[in-house]
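Below: one structure, written as structure tokens.
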Amino acid sequence: MVSVREKVRFVETDMMGVVHHSNYFRWFEMGRVEYLRQSGILLLDLMAEGIVFPITQVRCNYRASAKFDDYLLIETILHEASRAKMEFTYRVLREEDGLLLAEGWTQNVFTDGSGKIVRLPEKYAKRLLRAGQGQEV
């Protein structure tokens, strides 16, 4: 699991100081990018090789509201991975009391620049799969 700490900004809230639902998807992305980074996979390296990984499915279950100035913990776990796709689960918690604010799931597929599904090169696949098994990269 990878955990990212983030503070709710005013711009992420509505007039009542409650976080707009769309921000949870940004936080999922922050967790996913950090998970890959800690696995030894840099997005710029993938993009330099013409590999992108669009989201094909996303799900979020909202449990409680995050509010302006809350500190959040975004927990990201690799749920499943292959050389063609990866799936992550997420939990967003309020740091102060550990209250579960949201749970989510995403599926990404690896594609080239034209959107054709490709297989993740072996050097990246090994890092991703090792990280998913809790092994050192």
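Following the order of the structure tokens, first chain is A, next is B, and so on, with residues numbered from 1 inside each chain and ligands from 1 in the order they appear.
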For this session: Excluding segment 128-130 of chain A and any residue of its chain fewer than 2 positions from it, enumerate the residues within 12 Å of it, using only C-alpha atoms, and give them as number ranges by chain.
Result: A: 32, 35-42, 77-88, 120-126, 132-137
Exercise. Quick one: residues within 8 Å of segment 52-59 of chain A, only C-alpha atoms counted, chain neighbours fewer than 4 positions away excluded, as a list in words?
Worked result: Leu46, Met47, Gly104, Trp105, Thr106, Gln107, Asn108, Val109, Phe110, Thr111, Asp112 and Gly113 of chain A
Exercise. What residues in segment 17-130 of chain A get the DSSP label helix (DSSP H, G or I)? Please answer as a ChimeraX atom specification.
Worked result: /A:23-38,43-48,122-130
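Summary of the local environment: counting only C-alpha atoms, residues at most 8 Å from Ala66 of chain A, other than itself and those fewer than 6 positions away along its chain, are Val8, Val18, Val19, Arg94 and Leu101 of chain A.
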Write the selection just made, keeping N, CA and C atoms, as a CSV table (one decimal), in the first residue's frame?
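Written file, selection.csv:
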chain,number,residue,atom,x,y,z
A,8,VAL,N,-7.0,19.5,1.9
A,8,VAL,CA,-8.1,20.0,1.1
A,8,VAL,C,-8.0,21.5,0.9
A,18,VAL,N,-17.6,22.1,1.6
A,18,VAL,CA,-17.5,20.6,1.4
A,18,VAL,C,-16.9,20.3,0.1
A,19,VAL,N,-16.0,19.3,0.1
A,19,VAL,CA,-15.3,18.9,-1.2
A,19,VAL,C,-16.3,18.5,-2.3
A,94,ARG,N,-9.9,10.9,6.6
A,94,ARG,CA,-9.6,12.1,7.2
A,94,ARG,C,-8.5,11.7,8.3
A,101,LEU,N,-13.7,8.4,4.3
A,101,LEU,CA,-14.5,9.4,3.5
A,101,LEU,C,-15.0,8.8,2.2
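Closest to Asp14 of chain A among A:Lys67, A:Val118, A:Glu103, A:Glu34 is A:Lys67, based on only C-alpha atoms.
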Problem set entry | segment 61-104 of chain A: residues DSSP assigns to strand (DSSP E or B), reported as a PyMOL selection string | chain A and resi 61-62+67+71-81+85-94+100-104
For the selection you just gave me, I'd like the residues written to a file as a PDB file, in the first residue's frame, keeping N, CA and C atoms.
ATOM      1  N   ASN A  61     -17.338   5.167  -3.912  1.00  0.00           N
ATOM      2  CA  ASN A  61     -18.405   5.118  -2.915  1.00  0.00           C
ATOM      3  C   ASN A  61     -18.090   6.172  -1.865  1.00  0.00           C
ATOM      4  N   TYR A  62     -18.939   7.158  -1.770  1.00  0.00           N
ATOM      5  CA  TYR A  62     -18.747   8.254  -0.821  1.00  0.00           C
ATOM      6  C   TYR A  62     -19.357   7.864   0.520  1.00  0.00           C
ATOM      7  N   LYS A  67     -13.825  18.269   4.133  1.00  0.00           N
ATOM      8  CA  LYS A  67     -14.097  19.706   4.201  1.00  0.00           C
ATOM      9  C   LYS A  67     -12.806  20.494   4.079  1.00  0.00           C
ATOM     10  N   TYR A  71      -6.915  17.407   6.555  1.00  0.00           N
ATOM     11  CA  TYR A  71      -5.791  16.637   6.038  1.00  0.00           C
ATOM     12  C   TYR A  71      -6.306  15.246   5.724  1.00  0.00           C
ATOM     13  N   LEU A  72      -5.957  14.773   4.542  1.00  0.00           N
ATOM     14  CA  LEU A  72      -6.426  13.478   4.063  1.00  0.00           C
ATOM     15  C   LEU A  72      -5.274  12.511   3.894  1.00  0.00           C
ATOM     16  N   LEU A  73      -5.580  11.244   4.036  1.00  0.00           N
ATOM     17  CA  LEU A  73      -4.660  10.177   3.656  1.00  0.00           C
ATOM     18  C   LEU A  73      -5.327   9.431   2.515  1.00  0.00           C
ATOM     19  N   ILE A  74      -4.613   9.324   1.404  1.00  0.00           N
ATOM     20  CA  ILE A  74      -5.107   8.609   0.230  1.00  0.00           C
ATOM     21  C   ILE A  74      -4.317   7.311   0.156  1.00  0.00           C
ATOM     22  N   GLU A  75      -4.973   6.205   0.457  1.00  0.00           N
ATOM     23  CA  GLU A  75      -4.319   4.890   0.449  1.00  0.00           C
ATOM     24  C   GLU A  75      -4.601   4.205  -0.878  1.00  0.00           C
ATOM     25  N   THR A  76      -3.551   3.721  -1.507  1.00  0.00           N
ATOM     26  CA  THR A  76      -3.657   3.099  -2.827  1.00  0.00           C
ATOM     27  C   THR A  76      -3.055   1.705  -2.782  1.00  0.00           C
ATOM     28  N   ILE A  77      -3.805   0.752  -3.286  1.00  0.00           N
ATOM     29  CA  ILE A  77      -3.356  -0.644  -3.329  1.00  0.00           C
ATOM     30  C   ILE A  77      -3.527  -1.166  -4.754  1.00  0.00           C
ATOM     31  N   LEU A  78      -2.503  -1.836  -5.265  1.00  0.00           N
ATOM     32  CA  LEU A  78      -2.627  -2.517  -6.549  1.00  0.00           C
ATOM     33  C   LEU A  78      -3.480  -3.752  -6.335  1.00  0.00           C
ATOM     34  N   HIS A  79      -4.645  -3.762  -6.946  1.00  0.00           N
ATOM     35  CA  HIS A  79      -5.602  -4.858  -6.778  1.00  0.00           C
ATOM     36  C   HIS A  79      -5.288  -6.009  -7.731  1.00  0.00           C
ATOM     37  N   GLU A  80      -4.976  -5.662  -8.981  1.00  0.00           N
ATOM     38  CA  GLU A  80      -4.687  -6.667 -10.004  1.00  0.00           C
ATOM     39  C   GLU A  80      -3.861  -6.011 -11.102  1.00  0.00           C
ATOM     40  N   ALA A  81      -2.944  -6.773 -11.688  1.00  0.00           N
ATOM     41  CA  ALA A  81      -2.136  -6.229 -12.786  1.00  0.00           C
ATOM     42  C   ALA A  81      -1.747  -7.334 -13.748  1.00  0.00           C
ATOM     43  N   LYS A  85      -3.247  -4.443 -18.400  1.00  0.00           N
ATOM     44  CA  LYS A  85      -4.060  -3.540 -17.586  1.00  0.00           C
ATOM     45  C   LYS A  85      -3.604  -3.566 -16.135  1.00  0.00           C
ATOM     46  N   MET A  86      -4.106  -2.594 -15.382  1.00  0.00           N
ATOM     47  CA  MET A  86      -3.879  -2.568 -13.941  1.00  0.00           C
ATOM     48  C   MET A  86      -5.128  -2.029 -13.265  1.00  0.00           C
ATOM     49  N   GLU A  87      -5.396  -2.556 -12.072  1.00  0.00           N
ATOM     50  CA  GLU A  87      -6.545  -2.132 -11.285  1.00  0.00           C
ATOM     51  C   GLU A  87      -6.052  -1.749  -9.893  1.00  0.00           C
ATOM     52  N   PHE A  88      -6.566  -0.622  -9.408  1.00  0.00           N
ATOM     53  CA  PHE A  88      -6.195  -0.133  -8.086  1.00  0.00           C
ATOM     54  C   PHE A  88      -7.439   0.056  -7.243  1.00  0.00           C
ATOM     55  N   THR A  89      -7.284  -0.103  -5.924  1.00  0.00           N
ATOM     56  CA  THR A  89      -8.321   0.277  -4.978  1.00  0.00           C
ATOM     57  C   THR A  89      -7.780   1.431  -4.143  1.00  0.00           C
ATOM     58  N   TYR A  90      -8.708   2.235  -3.634  1.00  0.00           N
ATOM     59  CA  TYR A  90      -8.341   3.451  -2.891  1.00  0.00           C
ATOM     60  C   TYR A  90      -9.221   3.592  -1.670  1.00  0.00           C
ATOM     61  N   ARG A  91      -8.640   4.211  -0.659  1.00  0.00           N
ATOM     62  CA  ARG A  91      -9.397   4.658   0.510  1.00  0.00           C
ATOM     63  C   ARG A  91      -8.935   6.072   0.814  1.00  0.00           C
ATOM     64  N   VAL A  92      -9.888   6.971   1.016  1.00  0.00           N
ATOM     65  CA  VAL A  92      -9.578   8.341   1.409  1.00  0.00           C
ATOM     66  C   VAL A  92     -10.086   8.510   2.833  1.00  0.00           C
ATOM     67  N   LEU A  93      -9.158   8.827   3.731  1.00  0.00           N
ATOM     68  CA  LEU A  93      -9.481   8.970   5.151  1.00  0.00           C
ATOM     69  C   LEU A  93      -9.144  10.367   5.637  1.00  0.00           C
ATOM     70  N   ARG A  94      -9.929  10.860   6.583  1.00  0.00           N
ATOM     71  CA  ARG A  94      -9.557  12.101   7.238  1.00  0.00           C
ATOM     72  C   ARG A  94      -8.484  11.742   8.259  1.00  0.00           C
ATOM     73  N   LEU A 100     -13.321   7.133   7.418  1.00  0.00           N
ATOM     74  CA  LEU A 100     -13.343   6.763   6.003  1.00  0.00           C
ATOM     75  C   LEU A 100     -14.291   7.696   5.260  1.00  0.00           C
ATOM     76  N   LEU A 101     -13.747   8.445   4.312  1.00  0.00           N
ATOM     77  CA  LEU A 101     -14.536   9.399   3.531  1.00  0.00           C
ATOM     78  C   LEU A 101     -15.008   8.800   2.215  1.00  0.00           C
ATOM     79  N   ALA A 102     -14.174   7.978   1.577  1.00  0.00           N
ATOM     80  CA  ALA A 102     -14.534   7.396   0.285  1.00  0.00           C
ATOM     81  C   ALA A 102     -13.681   6.166   0.010  1.00  0.00           C
ATOM     82  N   GLU A 103     -14.248   5.269  -0.773  1.00  0.00           N
ATOM     83  CA  GLU A 103     -13.530   4.101  -1.278  1.00  0.00           C
ATOM     84  C   GLU A 103     -13.701   4.089  -2.787  1.00  0.00           C
ATOM     85  N   GLY A 104     -12.665   3.671  -3.497  1.00  0.00           N
ATOM     86  CA  GLY A 104     -12.776   3.671  -4.945  1.00  0.00           C
ATOM     87  C   GLY A 104     -11.992   2.563  -5.606  1.00  0.00           C
TER      88      GLY A 104
END
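Counting from atom CA of Tyr24 of chain A, the distance to atom CA of Phe10 of chain A is 14.5 Å.
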Problem set entry | Using only C-alpha atoms: which of A:Val33, A:Gly115, A:Ala131, A:Ala64 has the shortest distance to Gly98 of chain A | A:Ala64
Seminar exercise, completed: Residue with the minimum atom-to-atom distance to Asp69 of chain A, picked from A:Leu43, A:Val11, A:Leu99, A:Ile51 with only C-alpha atoms counted, is A:Val11
